[in-house]
Amino acid sequence: MAELQEVQITEEKPLLPGQTPETAKTHSVETPYGSVTFTVYGTPKPKRPAILTYHDVGLNYKSCFQPLFQFGDMQEIIQNFVRVHVDAPGMEEGAPVFPLGYQYPSLDQLADMIPCILQYLNFSTIIGVGVGAGAYILSRYALTHPDTVEGLVLINIDPNAKGWMDWAAHKLTGLTSSIPEMILGHLFSQEELSGNSELIQKYRNIITHAPNLENIELYWNSYNNRRDLNLERGGAVTLRCPVMLVVGDQAPHEDAVMADSGGQPQLTQPGKLTEAFKYFLQGMGYMASSCMTRLSRSRTASLTSAASIDGNRSRSRTLSQGSESGTLPSGPPGHTMEVSC
């Protein structure tokens, strides 16, 4: 496996009192399905997994995760874990446009690139954090490499393949809408898009004027051609690790997954998501001394955890009331946490 490049970058962002700048190292490695670029922050911690993120369509790791990982309360987490931010092929900053006729990897093949990353870094286990297409990719990876995944945070995941009605609607939309508008409709609700907030304007500008828009369209096509994960609670196909499911009340995928954050909780409610993530990590046996102070106990933010103890008895903890939510199957010895924020 050959390293293609390594670039050291110092992130420019406001520093908290006593906080030092993070140094990031960007690497690219060859895989059976092409090159993949990823950025590593921090150093490995003994007996702790790496946090590995995977972004959604139309975004890269910075535009998808920066508001979350730069949030003040998140610093307690990132000080305790090394993290790896994966950019899907052709999505990294400065990526050249793929040549005409390039065969972009399927989502399954993108998942199969992850072992090459972990092998290069000599990391044995991860906690995956994925949004949309990235959540699907990490779920697929966890199904095929369960021993390397200690936990998953899945934001706005749709585990189902597109049905005939979905395909018809997609084709019809493609006749009247541009690729950027279709991707924006995937990321945000129609209500949010109509409101045209500063956030929507920012991301519309990012996607519409992306120099690698042709690459983004290839990733978009792979997402729309995804296979069904065929997950069944307690069945033969199930996630064997703890899972935290997250969806905003205005997310286009709310019905598929399981509330005041809109379609992208990691962008609009990093505080609530950070607090839930800390609680999730505590349930896994990490950060036992972390102080939980910000999670809103309201009817619009619900967090339910059902955990298996010693493989025999289970407990459930409900922090607040909320709307009904669906679930993504997760089998023993893991547990499932559902978060609407």
# chains A, B, ... in the order shown; residues from 1 in each chain; ligands from 1
call {"tool": "residues_around", "arguments": {"residues": "range 109-117 of chain A", "least_positions_apart": "3", "cutoff": "7 Å", "atoms": "only C-alpha atoms", "output": "PyMOL selection string"}}
result
chain A and resi 31+33+105-106+120-121+137-138+140-141
call {"tool": "select_by_dssp", "arguments": {"residues": "range 52-236 of chain A", "states": "strand (DSSP E or B)", "output": "list in words"}}
result
Leu52, Thr53, Tyr54, Arg83, Val84, His85, Val86, Asp87, Ile126, Ile127, Gly128, Val129, Gly130, Val131, Val149, Glu150, Gly151, Leu152, Val153, Leu154 and Ile155 of chain A
call {"tool": "write_last_selection", "arguments": {"atoms": "N, CA, C and O atoms", "output": "PDB file, in the first residue's frame"}}
result
ATOM      1  N   LEU A  52     -13.684   7.946  13.663  1.00  0.00           N
ATOM      2  CA  LEU A  52     -13.556   8.059  12.214  1.00  0.00           C
ATOM      3  C   LEU A  52     -14.851   8.607  11.640  1.00  0.00           C
ATOM      4  O   LEU A  52     -15.929   8.057  11.888  1.00  0.00           O
ATOM      5  N   THR A  53     -14.768   9.700  10.892  1.00  0.00           N
ATOM      6  CA  THR A  53     -15.967  10.335  10.334  1.00  0.00           C
ATOM      7  C   THR A  53     -16.050  10.126   8.825  1.00  0.00           C
ATOM      8  O   THR A  53     -15.033   9.972   8.149  1.00  0.00           O
ATOM      9  N   TYR A  54     -17.290  10.142   8.335  1.00  0.00           N
ATOM     10  CA  TYR A  54     -17.523  10.063   6.884  1.00  0.00           C
ATOM     11  C   TYR A  54     -18.679  10.995   6.551  1.00  0.00           C
ATOM     12  O   TYR A  54     -19.751  10.912   7.139  1.00  0.00           O
ATOM     13  N   ARG A  83      -8.711  11.300  15.968  1.00  0.00           N
ATOM     14  CA  ARG A  83      -9.819  11.218  15.027  1.00  0.00           C
ATOM     15  C   ARG A  83      -9.316  11.260  13.589  1.00  0.00           C
ATOM     16  O   ARG A  83      -8.315  11.918  13.284  1.00  0.00           O
ATOM     17  N   VAL A  84     -10.052  10.558  12.742  1.00  0.00           N
ATOM     18  CA  VAL A  84      -9.706  10.419  11.331  1.00  0.00           C
ATOM     19  C   VAL A  84     -10.913  10.881  10.518  1.00  0.00           C
ATOM     20  O   VAL A  84     -12.002  10.318  10.638  1.00  0.00           O
ATOM     21  N   HIS A  85     -10.720  11.919   9.711  1.00  0.00           N
ATOM     22  CA  HIS A  85     -11.791  12.437   8.865  1.00  0.00           C
ATOM     23  C   HIS A  85     -11.549  11.973   7.431  1.00  0.00           C
ATOM     24  O   HIS A  85     -10.571  12.389   6.799  1.00  0.00           O
ATOM     25  N   VAL A  86     -12.438  11.138   6.931  1.00  0.00           N
ATOM     26  CA  VAL A  86     -12.283  10.592   5.580  1.00  0.00           C
ATOM     27  C   VAL A  86     -13.032  11.468   4.585  1.00  0.00           C
ATOM     28  O   VAL A  86     -14.189  11.853   4.820  1.00  0.00           O
ATOM     29  N   ASP A  87     -12.372  11.786   3.482  1.00  0.00           N
ATOM     30  CA  ASP A  87     -13.043  12.438   2.357  1.00  0.00           C
ATOM     31  C   ASP A  87     -13.305  11.379   1.294  1.00  0.00           C
ATOM     32  O   ASP A  87     -12.391  10.653   0.894  1.00  0.00           O
ATOM     33  N   ILE A 126     -12.444   1.469  15.714  1.00  0.00           N
ATOM     34  CA  ILE A 126     -12.956   2.832  15.528  1.00  0.00           C
ATOM     35  C   ILE A 126     -14.318   2.998  16.184  1.00  0.00           C
ATOM     36  O   ILE A 126     -15.023   2.031  16.465  1.00  0.00           O
ATOM     37  N   ILE A 127     -14.683   4.255  16.409  1.00  0.00           N
ATOM     38  CA  ILE A 127     -16.063   4.678  16.633  1.00  0.00           C
ATOM     39  C   ILE A 127     -16.414   5.516  15.412  1.00  0.00           C
ATOM     40  O   ILE A 127     -15.793   6.550  15.159  1.00  0.00           O
ATOM     41  N   GLY A 128     -17.354   5.061  14.613  1.00  0.00           N
ATOM     42  CA  GLY A 128     -17.685   5.748  13.372  1.00  0.00           C
ATOM     43  C   GLY A 128     -18.741   6.815  13.571  1.00  0.00           C
ATOM     44  O   GLY A 128     -19.709   6.611  14.316  1.00  0.00           O
ATOM     45  N   VAL A 129     -18.559   7.967  12.929  1.00  0.00           N
ATOM     46  CA  VAL A 129     -19.541   9.050  12.933  1.00  0.00           C
ATOM     47  C   VAL A 129     -19.827   9.404  11.480  1.00  0.00           C
ATOM     48  O   VAL A 129     -18.957   9.932  10.778  1.00  0.00           O
ATOM     49  N   GLY A 130     -21.030   9.109  11.003  1.00  0.00           N
ATOM     50  CA  GLY A 130     -21.352   9.339   9.604  1.00  0.00           C
ATOM     51  C   GLY A 130     -22.651  10.094   9.428  1.00  0.00           C
ATOM     52  O   GLY A 130     -23.562   9.976  10.252  1.00  0.00           O
ATOM     53  N   VAL A 131     -22.721  10.858   8.334  1.00  0.00           N
ATOM     54  CA  VAL A 131     -23.935  11.615   8.001  1.00  0.00           C
ATOM     55  C   VAL A 131     -24.421  11.177   6.627  1.00  0.00           C
ATOM     56  O   VAL A 131     -23.641  11.116   5.668  1.00  0.00           O
ATOM     57  N   VAL A 149     -15.246  -2.284  14.868  1.00  0.00           N
ATOM     58  CA  VAL A 149     -16.131  -1.146  15.138  1.00  0.00           C
ATOM     59  C   VAL A 149     -16.676  -1.250  16.552  1.00  0.00           C
ATOM     60  O   VAL A 149     -17.441  -2.160  16.871  1.00  0.00           O
ATOM     61  N   GLU A 150     -16.290  -0.309  17.400  1.00  0.00           N
ATOM     62  CA  GLU A 150     -16.763  -0.308  18.787  1.00  0.00           C
ATOM     63  C   GLU A 150     -18.100   0.405  18.940  1.00  0.00           C
ATOM     64  O   GLU A 150     -18.852   0.139  19.872  1.00  0.00           O
ATOM     65  N   GLY A 151     -18.399   1.329  18.035  1.00  0.00           N
ATOM     66  CA  GLY A 151     -19.665   2.051  18.110  1.00  0.00           C
ATOM     67  C   GLY A 151     -19.894   2.860  16.857  1.00  0.00           C
ATOM     68  O   GLY A 151     -18.968   3.130  16.090  1.00  0.00           O
ATOM     69  N   LEU A 152     -21.159   3.242  16.622  1.00  0.00           N
ATOM     70  CA  LEU A 152     -21.528   4.033  15.452  1.00  0.00           C
ATOM     71  C   LEU A 152     -22.458   5.170  15.858  1.00  0.00           C
ATOM     72  O   LEU A 152     -23.405   4.964  16.620  1.00  0.00           O
ATOM     73  N   VAL A 153     -22.186   6.357  15.331  1.00  0.00           N
ATOM     74  CA  VAL A 153     -23.109   7.490  15.422  1.00  0.00           C
ATOM     75  C   VAL A 153     -23.592   7.751  14.006  1.00  0.00           C
ATOM     76  O   VAL A 153     -22.813   8.156  13.138  1.00  0.00           O
ATOM     77  N   LEU A 154     -24.871   7.493  13.752  1.00  0.00           N
ATOM     78  CA  LEU A 154     -25.429   7.550  12.407  1.00  0.00           C
ATOM     79  C   LEU A 154     -26.438   8.697  12.325  1.00  0.00           C
ATOM     80  O   LEU A 154     -27.492   8.650  12.966  1.00  0.00           O
ATOM     81  N   ILE A 155     -26.103   9.711  11.556  1.00  0.00           N
ATOM     82  CA  ILE A 155     -26.933  10.907  11.443  1.00  0.00           C
ATOM     83  C   ILE A 155     -27.651  10.882  10.092  1.00  0.00           C
ATOM     84  O   ILE A 155     -27.025  10.768   9.043  1.00  0.00           O
TER      85      ILE A 155
END
call {"tool": "residues_around", "arguments": {"residues": "range 217-227 of chain A", "least_positions_apart": "3", "cutoff": "8 Å", "atoms": "only C-alpha atoms", "output": "ChimeraX atom specification"}}
result
/A:57-58,88,104-108,133,160-162,179,183,213-214
call {"tool": "atom_distance", "arguments": {"atom1": "CA of Leu281 in chain A", "atom2": "CA of Ile77 in chain A"}}
result
9.1 Å
call {"tool": "atom_distance", "arguments": {"atom1": "CA of Gly185 in chain A", "atom2": "CA of Tyr61 in chain A"}}
result
19.4 Å
